[in-house]
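The file structure-v5.csv comes next; it holds CSV, C-alpha atoms and all ligand atoms.
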```csv
chain,number,residue,atom,x,y,z
A,6,MET,CA,0.0,0.0,0.0
A,7,GLU,CA,1.2,3.5,-0.9
A,8,THR,CA,0.8,6.2,1.7
A,9,VAL,CA,0.4,9.8,0.3
A,10,VAL,CA,0.3,12.9,2.4
A,11,ALA,CA,0.8,15.7,-0.2
A,12,LEU,CA,-1.7,16.7,-2.8
A,13,ASN,CA,0.9,17.1,-5.6
A,14,SER,CA,1.8,13.4,-5.3
A,15,LEU,CA,-1.8,12.2,-5.0
A,16,ARG,CA,-2.9,12.9,-8.6
A,17,GLU,CA,0.0,10.9,-10.1
A,18,ALA,CA,-0.5,8.0,-7.7
A,19,VAL,CA,-4.3,7.9,-8.4
A,20,ASP,CA,-3.7,8.2,-12.2
A,21,ARG,CA,-1.5,5.1,-11.9
A,22,LEU,CA,-4.3,3.2,-10.2
A,23,ARG,CA,-6.8,4.4,-12.8
A,24,GLU,CA,-4.9,2.6,-15.5
A,25,ARG,CA,-6.0,-0.7,-13.9
A,26,GLY,CA,-9.7,0.3,-13.9
A,27,PRO,CA,-12.3,1.9,-11.6
A,28,VAL,CA,-11.0,3.5,-8.4
A,29,ALA,CA,-13.1,3.5,-5.2
A,30,LEU,CA,-12.8,6.0,-2.3
A,31,VAL,CA,-13.6,5.2,1.3
A,32,PRO,CA,-13.5,8.5,3.3
A,33,THR,CA,-12.8,8.0,7.0
A,34,MET,CA,-11.5,9.9,10.0
A,35,GLY,CA,-9.3,6.9,11.0
A,36,ALA,CA,-9.4,5.0,14.3
A,37,LEU,CA,-10.5,2.2,12.0
A,38,HIS,CA,-12.8,-0.7,13.1
A,39,GLU,CA,-14.7,-3.5,11.5
A,40,GLY,CA,-17.3,-1.1,10.2
A,41,HIS,CA,-14.7,0.8,8.2
A,42,LEU,CA,-13.2,-2.5,7.0
A,43,ALA,CA,-16.6,-3.6,5.7
A,44,LEU,CA,-16.7,-0.4,3.6
A,45,VAL,CA,-13.2,-1.2,2.3
A,46,ARG,CA,-14.4,-4.8,1.3
A,47,GLU,CA,-17.5,-3.4,-0.4
A,48,ALA,CA,-15.3,-0.9,-2.3
A,49,LYS,CA,-13.0,-3.7,-3.3
A,50,SER,CA,-15.8,-5.7,-4.7
A,51,ARG,CA,-16.9,-2.8,-6.9
A,52,ALA,CA,-13.6,-1.4,-8.1
A,53,ALA,CA,-10.1,-2.4,-9.4
A,54,SER,CA,-8.4,-0.2,-6.7
A,55,VAL,CA,-9.3,1.2,-3.3
A,56,VAL,CA,-8.2,4.5,-1.8
A,57,VAL,CA,-8.9,5.1,1.9
A,58,SER,CA,-8.7,8.7,3.2
A,59,ILE,CA,-7.9,9.3,6.8
A,60,PHE,CA,-8.5,12.9,7.9
A,61,VAL,CA,-9.9,14.2,11.1
A,62,ASN,CA,-11.7,17.1,9.6
A,63,PRO,CA,-11.6,20.1,12.0
A,64,THR,CA,-14.4,22.0,10.3
A,65,GLN,CA,-17.1,19.4,11.1
A,66,PHE,CA,-16.5,19.6,14.8
A,67,GLY,CA,-18.3,22.3,16.8
A,68,VAL,CA,-16.9,24.4,19.6
A,69,GLY,CA,-16.7,22.2,22.7
A,70,GLU,CA,-16.8,19.0,20.7
A,71,ASP,CA,-14.2,16.2,20.7
A,72,LEU,CA,-11.8,17.4,18.0
A,73,ASP,CA,-8.7,17.2,20.2
A,74,ALA,CA,-9.7,14.0,21.9
A,75,TYR,CA,-10.7,12.2,18.7
A,76,PRO,CA,-8.6,9.0,18.5
A,77,ARG,CA,-5.6,9.3,16.1
A,78,GLN,CA,-3.7,6.0,15.3
A,79,LEU,CA,-2.3,6.3,11.8
A,80,ALA,CA,0.3,3.5,12.2
A,81,GLU,CA,-2.3,1.0,13.4
A,82,ASP,CA,-4.8,2.2,10.7
A,83,SER,CA,-2.1,1.7,8.1
A,84,ARG,CA,-1.5,-1.8,9.3
A,85,LEU,CA,-5.2,-2.7,9.1
A,86,LEU,CA,-5.5,-1.3,5.6
A,87,GLU,CA,-2.4,-3.3,4.5
A,88,VAL,CA,-4.1,-6.4,5.6
A,89,GLU,CA,-7.2,-5.5,3.5
A,90,SER,CA,-4.8,-4.9,0.5
A,91,VAL,CA,-5.9,-1.3,0.1
A,92,ASP,CA,-3.9,0.3,-2.7
A,93,LEU,CA,-3.5,3.9,-1.4
A,94,MET,CA,-3.9,5.6,2.0
A,95,TRP,CA,-4.5,9.4,1.6
A,96,ALA,CA,-3.6,11.0,4.9
A,97,PRO,CA,-3.1,14.7,4.4
A,98,PRO,CA,-2.2,17.1,7.2
A,99,VAL,CA,-4.7,19.9,8.0
A,100,SER,CA,-2.5,22.5,6.2
A,101,GLU,CA,-2.8,20.5,3.0
A,102,VAL,CA,-6.6,20.4,3.1
A,103,TYR,CA,-7.1,23.9,4.5
A,104,PRO,CA,-4.2,26.0,3.3
A,105,ASP,CA,-3.9,29.7,4.3
A,106,GLY,CA,-6.7,31.7,2.7
A,107,PHE,CA,-9.1,28.8,2.4
A,108,ALA,CA,-12.6,30.5,2.3
A,109,THR,CA,-15.2,28.2,0.7
A,110,THR,CA,-18.0,26.3,2.3
A,111,VAL,CA,-20.4,23.8,0.7
A,112,SER,CA,-23.8,24.1,2.3
A,113,VAL,CA,-26.6,21.6,1.5
A,114,ALA,CA,-30.0,23.0,2.6
A,115,GLY,CA,-33.0,20.9,3.6
A,116,VAL,CA,-31.7,17.5,4.3
A,117,SER,CA,-28.8,18.8,6.5
A,118,GLU,CA,-31.0,21.0,8.7
A,119,GLY,CA,-32.7,18.8,11.2
A,120,LEU,CA,-31.5,15.9,13.4
A,121,CYS,CA,-27.6,16.1,13.7
A,122,GLY,CA,-27.7,19.3,11.7
A,123,ALA,CA,-29.8,20.9,14.5
A,124,SER,CA,-27.8,19.4,17.4
A,125,ARG,CA,-24.4,20.0,15.8
A,126,PRO,CA,-24.7,23.4,14.0
A,127,GLY,CA,-22.2,23.7,11.1
A,128,HIS,CA,-21.4,20.0,11.2
A,129,PHE,CA,-22.8,19.1,7.7
A,130,GLU,CA,-21.2,22.2,6.1
A,131,GLY,CA,-17.9,20.8,7.4
A,132,VAL,CA,-18.7,17.4,6.1
A,133,ALA,CA,-20.0,18.5,2.7
A,134,THR,CA,-17.0,20.8,2.2
A,135,VAL,CA,-14.4,18.2,3.1
A,136,VAL,CA,-16.1,15.4,1.1
A,137,ALA,CA,-16.3,17.7,-2.0
A,138,LYS,CA,-12.6,18.3,-1.6
A,139,LEU,CA,-11.8,14.6,-1.1
A,140,PHE,CA,-13.8,13.8,-4.2
A,141,ASN,CA,-12.0,16.4,-6.2
A,142,GLN,CA,-8.6,15.4,-4.8
A,143,VAL,CA,-9.0,11.7,-5.5
A,144,ARG,CA,-11.6,11.8,-8.3
A,145,PRO,CA,-12.9,8.3,-7.6
A,146,ASP,CA,-15.3,6.5,-9.9
A,147,LEU,CA,-17.2,5.5,-6.8
A,148,ALA,CA,-17.3,6.1,-3.1
A,149,VAL,CA,-18.6,4.0,-0.2
A,150,PHE,CA,-20.1,5.4,3.1
A,151,GLY,CA,-21.7,3.8,6.1
A,152,GLU,CA,-25.5,3.9,6.7
A,153,LYS,CA,-24.6,4.5,10.3
A,154,ASP,CA,-24.3,8.1,9.3
A,155,TRP,CA,-27.6,8.1,7.4
A,156,GLN,CA,-28.1,11.8,7.3
A,157,GLN,CA,-24.5,12.3,6.2
A,158,LEU,CA,-25.1,9.9,3.3
A,159,ALA,CA,-28.2,11.8,2.3
A,160,VAL,CA,-26.3,15.1,2.5
A,161,ILE,CA,-23.5,13.8,0.3
A,162,ARG,CA,-25.9,12.3,-2.3
A,163,ARG,CA,-27.8,15.6,-2.4
A,164,MET,CA,-24.6,17.5,-2.9
A,165,ALA,CA,-23.4,15.2,-5.7
A,166,ARG,CA,-26.7,15.5,-7.5
A,167,ASP,CA,-27.0,19.2,-7.1
A,168,LEU,CA,-23.4,19.9,-8.2
A,169,ASP,CA,-23.6,17.5,-11.1
A,170,LEU,CA,-20.5,15.7,-9.8
A,171,THR,CA,-19.0,13.2,-12.2
A,172,LEU,CA,-16.2,11.7,-10.1
A,173,PRO,CA,-18.1,10.2,-8.4
A,174,ARG,CA,-21.6,10.5,-9.9
A,175,ALA,CA,-24.4,10.6,-7.3
A,176,GLU,CA,-25.4,7.1,-8.4
A,177,ALA,CA,-21.9,5.8,-7.7
A,178,ILE,CA,-22.1,6.8,-4.0
A,179,TYR,CA,-22.9,3.6,-2.2
A,180,GLY,CA,-24.2,3.1,1.4
A,181,LEU,CA,-23.4,0.0,3.4
A,182,ALA,CA,-25.5,-1.4,6.2
A,183,THR,CA,-24.3,-0.6,9.8
A,184,VAL,CA,-21.9,-3.2,11.3
A,185,ARG,CA,-23.0,-4.0,14.9
A,186,GLU,CA,-21.5,-5.6,17.9
A,187,ALA,CA,-23.1,-8.9,19.2
A,188,ASP,CA,-25.4,-6.9,21.5
A,189,GLY,CA,-26.5,-4.7,18.7
A,190,LEU,CA,-24.5,-1.5,19.4
A,191,ALA,CA,-23.3,0.1,16.1
A,192,LEU,CA,-19.5,0.0,15.8
A,193,SER,CA,-18.2,3.6,16.1
A,194,SER,CA,-14.7,5.1,16.8
A,195,ARG,CA,-16.3,6.9,19.7
A,196,ASN,CA,-17.4,3.7,21.5
A,197,ARG,CA,-13.8,3.6,22.8
A,198,TYR,CA,-14.6,6.6,25.0
A,199,LEU,CA,-17.1,4.5,26.9
A,200,SER,CA,-16.3,3.0,30.3
A,201,ALA,CA,-17.0,-0.7,30.7
A,202,GLU,CA,-20.3,0.1,32.5
A,203,ASP,CA,-21.5,2.6,30.0
A,204,ARG,CA,-20.5,0.3,27.1
A,205,ALA,CA,-22.8,-2.4,28.6
A,206,ARG,CA,-25.6,0.2,29.1
A,207,ALA,CA,-25.2,1.5,25.6
A,208,ALA,CA,-26.8,-1.7,24.2
A,209,ALA,CA,-30.1,-0.2,25.4
A,210,LEU,CA,-29.9,2.1,22.4
A,211,PRO,CA,-30.4,-0.5,19.6
A,212,GLN,CA,-32.7,-2.5,21.9
A,213,ALA,CA,-35.0,0.5,22.6
A,214,MET,CA,-35.0,1.4,18.9
A,215,ARG,CA,-36.0,-2.2,17.9
A,216,GLU,CA,-38.9,-2.1,20.4
A,217,ALA,CA,-40.0,1.3,19.1
A,218,ILE,CA,-39.9,0.1,15.5
A,219,ALA,CA,-41.9,-3.0,16.3
A,220,ALA,CA,-44.5,-0.8,18.0
A,221,ILE,CA,-44.8,1.7,15.2
A,222,GLU,CA,-45.0,-1.0,12.6
A,223,ALA,CA,-47.7,-2.7,14.6
A,224,GLY,CA,-49.7,0.6,14.5
A,225,SER,CA,-48.8,2.4,17.7
A,226,ALA,CA,-48.9,6.2,17.6
A,227,VAL,CA,-45.5,7.7,16.8
A,228,ALA,CA,-45.2,10.5,19.4
A,229,PRO,CA,-45.9,8.4,22.5
A,230,THR,CA,-43.7,5.6,21.1
A,231,LEU,CA,-40.8,8.0,20.7
A,232,ALA,CA,-41.4,9.4,24.2
A,233,ALA,CA,-41.3,5.9,25.5
A,234,LEU,CA,-38.0,5.3,23.7
A,235,GLU,CA,-36.5,8.4,25.3
A,236,ALA,CA,-37.7,7.3,28.7
A,237,HIS,CA,-36.2,3.8,28.1
A,238,LEU,CA,-32.8,5.3,27.3
A,239,LEU,CA,-32.8,7.7,30.3
A,240,GLN,CA,-33.8,4.8,32.6
A,241,ALA,CA,-31.0,2.7,31.1
A,242,GLY,CA,-28.4,5.3,32.1
A,243,PHE,CA,-28.2,7.6,29.1
A,244,ALA,CA,-27.7,11.2,30.3
A,245,SER,CA,-29.8,12.9,27.6
A,246,VAL,CA,-31.3,12.4,24.2
A,247,ASP,CA,-30.5,14.9,21.4
A,248,TYR,CA,-33.3,13.6,19.2
A,249,ALA,CA,-35.4,10.5,18.6
A,250,GLU,CA,-37.4,10.9,15.4
A,251,LEU,CA,-39.2,9.1,12.7
A,252,ALA,CA,-38.3,10.5,9.3
A,253,ASP,CA,-38.9,9.8,5.6
A,254,ALA,CA,-35.9,7.6,4.7
A,255,ASP,CA,-34.9,9.8,1.7
A,256,SER,CA,-35.9,13.4,2.4
A,257,LEU,CA,-35.5,13.1,6.2
A,258,ALA,CA,-38.7,15.1,6.6
A,259,LEU,CA,-40.0,14.3,10.1
A,260,LEU,CA,-43.1,12.0,10.2
A,261,SER,CA,-45.8,12.2,12.9
A,262,GLU,CA,-47.3,9.0,11.5
A,263,LEU,CA,-46.0,6.1,9.4
A,264,GLY,CA,-46.9,6.5,5.8
A,265,GLU,CA,-46.6,4.4,2.7
A,266,ARG,CA,-43.0,5.3,1.9
A,267,PRO,CA,-39.8,3.8,3.6
A,268,ALA,CA,-39.2,5.5,6.9
A,269,ARG,CA,-36.2,5.6,9.3
A,270,LEU,CA,-35.9,5.9,13.0
A,271,LEU,CA,-32.9,8.1,13.9
A,272,VAL,CA,-31.6,8.7,17.4
A,273,ALA,CA,-28.7,10.6,19.0
A,274,ALA,CA,-28.2,10.2,22.7
A,275,ARG,CA,-25.4,10.9,25.2
A,276,ILE,CA,-24.0,8.4,27.7
A,277,GLY,CA,-21.1,9.3,30.0
A,278,GLY,CA,-20.2,12.3,27.9
A,279,THR,CA,-20.2,10.3,24.7
A,280,ARG,CA,-22.6,11.1,21.9
A,281,LEU,CA,-23.9,8.0,20.1
A,282,ILE,CA,-26.0,7.9,17.0
A,283,ASP,CA,-28.0,5.1,15.4
A,284,ASN,CA,-30.7,4.6,12.8
A,285,MET,CA,-32.8,1.8,11.5
A,286,ALA,CA,-35.3,1.1,8.8
A,287,VAL,CA,-39.1,1.2,9.5
A,288,SER,CA,-41.3,-0.6,7.1
A,289,PRO,CA,-44.0,1.5,5.5
A,290,ARG,CA,-47.7,0.8,5.9
A,291,LYS,CA,-49.1,-1.4,3.2
A,292,ALA,CA,-51.0,0.6,0.6
A,301,LIG,N1,-20.6,0.5,12.3
A,301,LIG,C1,-20.4,1.0,11.1
A,301,LIG,N2,-20.9,0.2,10.0
A,301,LIG,C2,-20.7,0.7,8.8
A,301,LIG,N3,-20.1,1.8,8.5
A,301,LIG,C3,-19.6,2.6,9.5
A,301,LIG,C4,-19.8,2.2,10.8
A,301,LIG,N4,-19.2,3.2,11.6
A,301,LIG,C5,-18.8,4.1,10.8
A,301,LIG,N5,-19.0,3.8,9.5
A,301,LIG,C6,-18.7,4.6,8.3
A,301,LIG,O1,-17.3,4.8,8.2
A,301,LIG,C7,-17.1,6.0,7.5
A,301,LIG,C8,-16.1,6.8,8.3
A,301,LIG,O2,-16.7,7.1,9.6
A,301,LIG,P1,-15.9,7.7,10.8
A,301,LIG,O3,-14.5,7.6,10.5
A,301,LIG,O4,-16.5,8.9,11.3
A,301,LIG,O5,-16.2,6.5,11.8
A,301,LIG,P2,-17.1,6.4,13.0
A,301,LIG,O6,-16.9,5.1,13.6
A,301,LIG,O7,-18.5,6.7,12.5
A,301,LIG,O8,-16.6,7.5,14.0
A,301,LIG,P3,-17.5,8.4,14.9
A,301,LIG,O9,-17.3,7.8,16.2
A,301,LIG,O10,-16.8,9.7,14.6
A,301,LIG,O11,-18.9,8.4,14.4
A,301,LIG,C9,-18.4,6.7,7.4
A,301,LIG,O12,-19.0,6.5,6.1
A,301,LIG,C10,-19.3,6.0,8.4
A,301,LIG,O13,-20.7,6.0,8.2
A,302,LIG,C1,-17.2,11.5,5.7
A,302,LIG,C2,-16.2,11.9,6.7
A,302,LIG,C3,-14.9,11.2,6.4
A,302,LIG,C4,-15.9,13.4,6.4
A,302,LIG,O1,-14.9,13.9,7.2
A,302,LIG,C5,-16.6,11.8,8.1
A,302,LIG,O2,-17.7,12.6,8.4
A,302,LIG,C6,-16.9,10.4,8.5
A,302,LIG,O3,-15.9,9.7,8.8
A,302,LIG,O4,-18.0,9.9,8.5
A,303,LIG,N1,-19.0,9.7,11.5
A,303,LIG,C1,-19.3,11.2,11.4
A,303,LIG,C2,-18.2,12.0,11.8
A,303,LIG,C3,-18.5,12.9,13.0
A,303,LIG,O1,-19.2,12.5,13.9
A,303,LIG,O2,-18.0,14.0,13.0
```
As structure tokens, how would this structure be written, given the file I've shared?
Ligand SMILES: Nc1ncnc2c1ncn2[C@@H]1O[C@H](COP(=O)(O)OP(=O)(O)OP(=O)(O)O)[C@@H](O)[C@H]1O
Ligand SMILES: CC(C)(CO)[C@@H](O)C(=O)[O-]
Ligand code: BAL
Amino acid sequence: METVVALNSLREAVDRLRERGPVALVPTMGALHEGHLALVREAKSRAASVVVSIFVNPTQFGVGEDLDAYPRQLAEDSRLLEVESVDLMWAPPVSEVYPDGFATTVSVAGVSEGLCGASRPGHFEGVATVVAKLFNQVRPDLAVFGEKDWQQLAVIRRMARDLDLTLPRAEAIYGLATVREADGLALSSRNRYLSAEDRARAAALPQAMREAIAAIEAGSAVAPTLAALEAHLLQAGFASVDYAELADADSLALLSELGERPARLLVAARIGGTRLIDNMAVSPRKA
């Protein structure tokens, strides 16, 4: 695997890969786990070469968030990617991505406004901007993201459609189902912040979500079911719930009742100072 840290070497390195066929990009912030590696394997199954970017993007962290504490373990990440036979690791320093004078922001209205967009103001501008840059830097034929960050995936697809991106085209942005621990907790780099006790309690998040989905699919009213979900999390030891919402799976418009289109239950909740997110499919009502 080649490791590249400077933009002027990246173009040549990717051009060499392109000679072999389609190039896939898997954007990450590092601290890699099995969820990331599942994205890499998906990318490998769809392309001749795989590029993984590792960049802890400062512009998507708000004031008081965990930018400084965010785990950085480039040597270990590099080892994991070697094992997966990744072709190129793109790991630029902040100065290479945001040089002096940098002044542009990509802002995607609508889909980025509620949910994490409301509880992390500016977050999706940071994500859209850095992903637009990563796409232009690597110019991949396709890219793979995790459904764990469902709203992020929706924001990136909207951006790709709206800006008529060609490398990758919006249709070549793939989402992969969330990889979970045996107790259902979604893998996340932030899980390592949890104490052993909080880690055990955190399994209440997917459990409570599954219960709420079963209730909503069986015809229970949405608002009281979401209220019960929140109460369940607080009782299980979560400190607070940023949001627990039923939304249209594509537009992310909030739903007060289940309709005939695919829906999604999305939750962000805090436990022991760590903010966890999760989302799951909710089957629509039969027409
Ligand atoms: N459990 C998972 N299953 C599948 N994909 C995942 C999982 N966790 C993260 N991803 C995906 O990996 C990519 C990189 O995410 P990132 O590096 O932020 O990891 P993360 O574990 O989500 O970290 P964080 O704790 O910051 O949420 C994103 O597309 C994200 O959706
Ligand atoms: C897409 C991403 C790499 C942009 O920094 C990040 O938000 C992430 O890891 O999900
Ligand atoms: N996985 C999304 C990155 C973030 O939380 O900033």
Report task. Report as a ChimeraX atom specification which protein, DNA and RNA residues come within 10 Å of ligand LIG 303 (chain A), using only C-alpha atoms and all ligand atoms. Result -> /A:32-34,61-67,70-72,75,121,125,128-129,131-132,150-157,193-195,280-282
Report task. Rank nothing, just name the residue among A:Thr279, A:Ser112, A:Ser50, A:Thr134 nearest to ligand LIG 302 (chain A), using all atoms listed in the file. Result ->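 Checking each of A:Thr279, A:Ser112, A:Ser50, A:Thr134 against ligand LIG 302 (chain A), counting all atoms listed in the file, the winner is A:Thr134.
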Requested in this report: Enumerate, as a PyMOL selection string, the protein, DNA and RNA residues whose atoms approach (-23.3, 12.9, -3.9) to within 12 Å, taking into account all atoms listed in the file and the coordinate frame of the file.
Outcome: chain A and resi 113+132-134+136-137+139-140+145-150+157-180
Query - Best match for closeness to Ser58 (chain A) among A:Ser90, A:Thr109, A:Gln78, A:Thr8, counting only C-alpha atoms - result: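 So, comparing all the options, the nearest one is A:Thr8.
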Query raised in the report: What's the 12 Å shell around Val272 (chain A), counting only C-alpha atoms, without same-chain residues fewer than 4 positions away, as a PyMOL selection string?
Result: chain A and resi 119-121+124+153-156+210-211+213-215+217+231-232+234-235+238+245-252+280-285
Query - Expected residue set, 10 Å radius at (-4.2, 19.7, 2.3), all atoms listed in the file, as an NGL selection string - result: :A and (10-13 or 60 or 96-104 or 138-139 or 142)
Could I get region 248-270 of chain A rebuilt with N, CA and C atoms, written as a JSON list (two decimals), keeping the file's coordinate frame?
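Listing of part_39.json after writing:
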```
[["chain", "number", "residue", "atom", "x", "y", "z"],
["A", 248, "TYR", "N", -32.02, 13.72, 20.00],
["A", 248, "TYR", "CA", -33.30, 13.60, 19.20],
["A", 248, "TYR", "C", -33.59, 12.08, 19.10],
["A", 249, "ALA", "N", -34.87, 11.81, 18.94],
["A", 249, "ALA", "CA", -35.40, 10.50, 18.60],
["A", 249, "ALA", "C", -36.53, 10.75, 17.66],
["A", 250, "GLU", "N", -36.35, 10.49, 16.36],
["A", 250, "GLU", "CA", -37.40, 10.90, 15.40],
["A", 250, "GLU", "C", -37.63, 9.85, 14.35],
["A", 251, "LEU", "N", -38.86, 9.85, 13.87],
["A", 251, "LEU", "CA", -39.20, 9.10, 12.70],
["A", 251, "LEU", "C", -39.17, 10.02, 11.51],
["A", 252, "ALA", "N", -38.49, 9.59, 10.44],
["A", 252, "ALA", "CA", -38.30, 10.50, 9.30],
["A", 252, "ALA", "C", -38.51, 9.72, 8.00],
["A", 253, "ASP", "N", -38.87, 10.45, 6.95],
["A", 253, "ASP", "CA", -38.90, 9.80, 5.60],
["A", 253, "ASP", "C", -37.42, 9.42, 5.32],
["A", 254, "ALA", "N", -37.25, 8.19, 4.81],
["A", 254, "ALA", "CA", -35.90, 7.60, 4.70],
["A", 254, "ALA", "C", -35.05, 8.44, 3.68],
["A", 255, "ASP", "N", -35.67, 9.09, 2.70],
["A", 255, "ASP", "CA", -34.90, 9.80, 1.70],
["A", 255, "ASP", "C", -34.79, 11.31, 1.98],
["A", 256, "SER", "N", -35.95, 11.96, 2.21],
["A", 256, "SER", "CA", -35.90, 13.40, 2.40],
["A", 256, "SER", "C", -35.55, 13.80, 3.81],
["A", 257, "LEU", "N", -35.70, 12.86, 4.74],
["A", 257, "LEU", "CA", -35.50, 13.10, 6.20],
["A", 257, "LEU", "C", -36.52, 14.03, 6.78],
["A", 258, "ALA", "N", -37.59, 14.31, 6.04],
["A", 258, "ALA", "CA", -38.70, 15.10, 6.60],
["A", 258, "ALA", "C", -39.28, 14.30, 7.78],
["A", 259, "LEU", "N", -39.52, 14.99, 8.90],
["A", 259, "LEU", "CA", -40.00, 14.30, 10.10],
["A", 259, "LEU", "C", -41.45, 13.81, 9.85],
["A", 260, "LEU", "N", -41.75, 12.64, 10.41],
["A", 260, "LEU", "CA", -43.10, 12.00, 10.20],
["A", 260, "LEU", "C", -43.78, 11.94, 11.58],
["A", 261, "SER", "N", -45.04, 12.39, 11.62],
["A", 261, "SER", "CA", -45.80, 12.20, 12.90],
["A", 261, "SER", "C", -46.61, 10.92, 12.79],
["A", 262, "GLU", "N", -46.71, 10.34, 11.60],
["A", 262, "GLU", "CA", -47.30, 9.00, 11.50],
["A", 262, "GLU", "C", -46.63, 8.25, 10.34],
["A", 263, "LEU", "N", -46.66, 6.93, 10.45],
["A", 263, "LEU", "CA", -46.00, 6.10, 9.40],
["A", 263, "LEU", "C", -46.86, 6.19, 8.16],
["A", 264, "GLY", "N", -46.19, 6.41, 7.03],
["A", 264, "GLY", "CA", -46.90, 6.50, 5.80],
["A", 264, "GLY", "C", -46.62, 5.28, 4.89],
["A", 265, "GLU", "N", -46.78, 5.48, 3.59],
["A", 265, "GLU", "CA", -46.60, 4.40, 2.70],
["A", 265, "GLU", "C", -45.26, 4.37, 1.98],
["A", 266, "ARG", "N", -44.37, 5.24, 2.48],
["A", 266, "ARG", "CA", -43.00, 5.30, 1.90],
["A", 266, "ARG", "C", -42.03, 4.78, 3.00],
["A", 267, "PRO", "N", -40.83, 4.30, 2.57],
["A", 267, "PRO", "CA", -39.80, 3.80, 3.60],
["A", 267, "PRO", "C", -39.52, 4.94, 4.57],
["A", 268, "ALA", "N", -39.46, 4.55, 5.82],
["A", 268, "ALA", "CA", -39.20, 5.50, 6.90],
["A", 268, "ALA", "C", -37.92, 5.04, 7.64],
["A", 269, "ARG", "N", -37.44, 5.91, 8.49],
["A", 269, "ARG", "CA", -36.20, 5.60, 9.30],
["A", 269, "ARG", "C", -36.41, 6.14, 10.67],
["A", 270, "LEU", "N", -36.00, 5.37, 11.64],
["A", 270, "LEU", "CA", -35.90, 5.90, 13.00],
["A", 270, "LEU", "C", -34.51, 6.30, 13.27]]
```
